[in-house]
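Worksheet for the structure shown next.
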Amino acid sequence: MRAALPALLLASCQAAPSQQQATTASTLGQEPAQYGFRVVATYPHDPKAFTQGLFWLDGHLYETTGQIGQSTLRRVNLEDGRVLQSVNMPGRVFGEGSTPWGDQIISLTWQDGMGFRWDRKTFKQVGTWRYPGEGWGLTQNGRELIMSDGTAELRFLDPETLQERRRVRVTASGRPVDQLNELEFVNGEVLANVWMTPRIARIDPTTGNVTGWIDLSPLVRQTVAGDTDAVLNGIAYDAERDRLFVTGKNWPRLYEIDLVPGAQTK
C-alpha cells in the first residue's frame, strides 16, 4: 500500500473534526479521491473459499468463509494458499466477517444474529454472542470492534462485552453508501468492500465520509470474468511490512497491491 500510505498516515494523525465540521463536509458532498492499483505479487487462493472475512496476523492470513453448512474459520499460508488450520462453524450458519482481539478471534454470521468467539491458537469455540440485524464485515481499531451490516452504517462495539457503543453513517459526496461488506482498518481509516461492486471505499471512521474510492475492476475482470457471485470481498493488511492484500469469493488468486493515485492501473 506504499503509494497511498502517507495520505493514510496523515488522516490518522490529524485531529478529529468537530460534529459541526463533519456535518458541513457531508452536506457539501466533497468528491472522494480516485485510486487505481499496481499488482506487486500474486498468490494462490482456494477457489472453493467463499471469502467473507480476511485479516493478517503473525505471519499468516486468517479467513472466514460462508455458505450454509460450509462455513469455516481457517489459517492460510500466503505463499502457496495451503490451509494450515481449519474448523467448521456449527450448525447451518452462514459465516461472515472476522477479526482478532486479544487471544481470541471474533466472527459474525449473516442472518443468524449470532457471532462466535474462537481461541486464536486452537480454533476451539469458546463463546457466542448476539446482535440485532445482519452481520457482514468485522475489523478493529485497537479500541473497538467495527462491524458492517449491509446498510450504510458502521457499528462500533465494546471488544469485551460486544455491546454496541455507537454508529457512524457512511456517505460519499453527501449520499449514503450501503452494502458495506468486508472491512479492514488501515492507519486510521476503514477500508470497505462494497458488495456487488469492484470498488473499495476509504472511510474516515470519525465522520463516515468516504475520502477515496479504490477501483479494482480490471482485477475482477481478469480473475473471475462472468461469475456474478465471485465478487471482490477480502482485504488484509500486513502493518509490519506495509502490504495490502485483496481477494474475492471463490477467487483462485489473492493479490498484493499498491495504490496508485488517479484512475491508473499497472
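Just remember, in the C-alpha cells the first chain shown is A, the second B, etc., residues are 1-based per chain, and ligands are 1-based in the order shown.
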- Message: I'd like the contact shell of range 243-252 of chain A - 6 Å cut-off, only C-alpha atoms, skipping same-chain residues fewer than 2 positions apart - returned as a PyMOL selection string.
- Response: chain A and resi 1+45-51+230-238+241+254-257
- Output as number ranges by chain all residues of range 68-193 of chain A that backbone DSSP marks as strand (DSSP E or B). A: 72-76, 83-88, 95-101, 104-109, 114-119, 125-130, 138-140, 145-148, 153-157, 164-169, 171-172, 175-176, 180-186, 189-193
- Message: Need to verify the contact set: range 55-64 of chain A, 8 Å, only C-alpha atoms, exclusion of same-chain residues closer than 4 positions in sequence. Can you return it as a ChimeraX atom specification?
- Response: /A:51,71-78,95-99,107,184,235-238
How close does each residue of range 64-118 of chain A get to range 148-167 of chain A, giving the shortest atom pair and distance in Å to one decimal for every residue with an atom at most 10 Å away, counting only C-alpha atoms, sorted by chain and residue number, as a Markdown table?
```
| residue | atom | partner | partner_atom | distance |
| --- | --- | --- | --- | --- |
| A:Gly97 | CA | A:Ser148 | CA | 8.8 |
| A:Trp101 | CA | A:Pro159 | CA | 7.3 |
| A:Gly102 | CA | A:Pro159 | CA | 9.4 |
| A:Ile106 | CA | A:Pro159 | CA | 9.1 |
| A:Leu108 | CA | A:Asp149 | CA | 9.9 |
| A:Trp110 | CA | A:Asp149 | CA | 8.4 |
| A:Gln111 | CA | A:Asp149 | CA | 9.7 |
| A:Gly115 | CA | A:Leu162 | CA | 9.7 |
```
- Mind giving me the straight-line distance from CA of Met89 in chain A to CA of Gly69 in chain A in Å, one decimal?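 So the two atoms, CA of Met89 in chain A and CA of Gly69 in chain A, lie 7.8 Å apart.
The space between CA of Ser173 in chain A and CA of Val210 in chain A spans 7.8 Å.
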- Message: So, with only C-alpha atoms as the atoms that count, which of A:Ala172, A:Val177, A:Ala225, A:Val190 lies closest to Asn209 in chain A?
- Response: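 Looking only at the distances to Asn209 in chain A, the closest residue turns out to be A:Ala172.
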- Query: Which residue gives the smallest distance to Val260 in chain A among A:Val87, A:Ile146, A:Leu183, A:Leu216, with only C-alpha atoms counted?
  - Reply: A:Leu216
- Item | Residues within 12 Å of Arg202 in chain A, only C-alpha atoms, excluding chain neighbours under 3 positions, as a PyMOL selection string | chain A and resi 4+7-8+11+32-35+170-172+177+180+183-194+199+205+207-215+235+259
Please dump the current selection as a compact mmCIF listing (two decimals), in the first residue's frame; keep N, CA and C atoms.
```
# COMPACT_ATOMS: atom_id res chain seq x y z
N ALA A 4 -0.10 5.01 -1.20
CA ALA A 4 -1.13 5.77 -0.51
C ALA A 4 -0.85 5.93 0.96
N ALA A 7 -0.83 9.47 2.78
CA ALA A 7 -2.16 10.06 2.95
C ALA A 7 -2.90 9.39 4.08
N LEU A 8 -2.75 8.07 4.19
CA LEU A 8 -3.42 7.35 5.26
C LEU A 8 -2.87 7.77 6.61
N ALA A 11 -4.21 11.11 7.57
CA ALA A 11 -5.58 11.04 8.05
C ALA A 11 -5.64 10.58 9.49
N PRO A 32 -14.87 12.22 -3.36
CA PRO A 32 -13.75 11.38 -2.91
C PRO A 32 -12.66 11.32 -3.97
N ALA A 33 -11.43 11.12 -3.52
CA ALA A 33 -10.31 10.91 -4.44
C ALA A 33 -10.44 9.56 -5.11
N GLN A 34 -9.81 9.40 -6.26
CA GLN A 34 -9.86 8.16 -7.02
C GLN A 34 -8.49 7.49 -7.01
N TYR A 35 -8.49 6.14 -6.87
CA TYR A 35 -7.25 5.38 -6.84
C TYR A 35 -7.34 4.18 -7.76
N VAL A 170 -22.16 6.18 6.79
CA VAL A 170 -21.15 6.36 5.75
C VAL A 170 -21.78 7.03 4.53
N THR A 171 -21.14 8.12 4.08
CA THR A 171 -21.63 8.85 2.92
C THR A 171 -20.48 9.17 1.97
N ALA A 172 -20.80 9.28 0.69
CA ALA A 172 -19.87 9.73 -0.33
C ALA A 172 -20.54 10.83 -1.12
N VAL A 177 -23.77 5.37 1.49
CA VAL A 177 -23.16 4.24 0.80
C VAL A 177 -23.55 2.97 1.56
N LEU A 180 -22.10 -2.06 2.58
CA LEU A 180 -20.73 -2.15 3.10
C LEU A 180 -20.49 -3.57 3.57
N LEU A 183 -14.37 -5.58 5.91
CA LEU A 183 -13.70 -4.38 6.40
C LEU A 183 -12.26 -4.66 6.80
N GLU A 184 -11.43 -3.61 6.71
CA GLU A 184 -10.07 -3.67 7.24
C GLU A 184 -9.69 -2.27 7.74
N PHE A 185 -9.11 -2.20 8.93
CA PHE A 185 -8.68 -0.93 9.49
C PHE A 185 -7.21 -0.73 9.15
N VAL A 186 -6.89 0.36 8.43
CA VAL A 186 -5.53 0.60 7.96
C VAL A 186 -5.12 2.03 8.27
N ASN A 187 -4.19 2.19 9.22
CA ASN A 187 -3.63 3.51 9.51
C ASN A 187 -4.68 4.60 9.69
N GLY A 188 -5.66 4.30 10.52
CA GLY A 188 -6.65 5.32 10.86
C GLY A 188 -7.86 5.39 9.96
N GLU A 189 -7.90 4.57 8.93
CA GLU A 189 -9.06 4.55 8.03
C GLU A 189 -9.68 3.16 7.99
N VAL A 190 -10.95 3.11 7.66
CA VAL A 190 -11.63 1.85 7.40
C VAL A 190 -11.69 1.64 5.89
N LEU A 191 -11.15 0.53 5.41
CA LEU A 191 -11.33 0.14 4.02
C LEU A 191 -12.50 -0.84 3.97
N ALA A 192 -13.43 -0.62 3.05
CA ALA A 192 -14.63 -1.43 3.00
C ALA A 192 -14.95 -1.85 1.57
N ASN A 193 -15.08 -3.16 1.36
CA ASN A 193 -15.66 -3.64 0.11
C ASN A 193 -17.12 -3.20 0.03
N VAL A 194 -17.57 -2.82 -1.13
CA VAL A 194 -18.98 -2.53 -1.35
C VAL A 194 -19.53 -3.67 -2.19
N ARG A 199 -15.28 -1.96 -6.18
CA ARG A 199 -14.67 -0.81 -5.52
C ARG A 199 -14.52 -1.03 -4.02
N PRO A 205 -13.41 7.08 9.86
CA PRO A 205 -14.30 6.48 10.86
C PRO A 205 -14.92 7.48 11.82
N THR A 207 -16.10 10.71 10.85
CA THR A 207 -17.21 11.40 10.17
C THR A 207 -18.08 10.47 9.33
N GLY A 208 -17.53 9.32 8.92
CA GLY A 208 -18.24 8.45 7.99
C GLY A 208 -18.07 8.85 6.54
N ASN A 209 -17.31 9.91 6.28
CA ASN A 209 -17.11 10.36 4.90
C ASN A 209 -16.21 9.40 4.14
N VAL A 210 -16.60 9.06 2.91
CA VAL A 210 -15.73 8.31 2.02
C VAL A 210 -14.73 9.30 1.43
N THR A 211 -13.46 9.13 1.78
CA THR A 211 -12.43 10.05 1.32
C THR A 211 -11.82 9.61 -0.01
N GLY A 212 -12.03 8.34 -0.38
CA GLY A 212 -11.48 7.86 -1.64
C GLY A 212 -12.12 6.56 -2.08
N TRP A 213 -12.05 6.32 -3.40
CA TRP A 213 -12.52 5.07 -3.99
C TRP A 213 -11.35 4.36 -4.65
N ILE A 214 -11.18 3.08 -4.34
CA ILE A 214 -10.16 2.25 -4.98
C ILE A 214 -10.86 1.38 -6.00
N ASP A 215 -10.54 1.57 -7.27
CA ASP A 215 -11.21 0.86 -8.36
C ASP A 215 -10.38 -0.37 -8.74
N ILE A 235 -10.04 -8.09 2.35
CA ILE A 235 -8.96 -7.10 2.46
C ILE A 235 -8.16 -7.45 3.71
N LEU A 259 -1.50 1.09 -4.00
CA LEU A 259 -2.46 2.02 -4.55
C LEU A 259 -1.77 3.07 -5.39
```
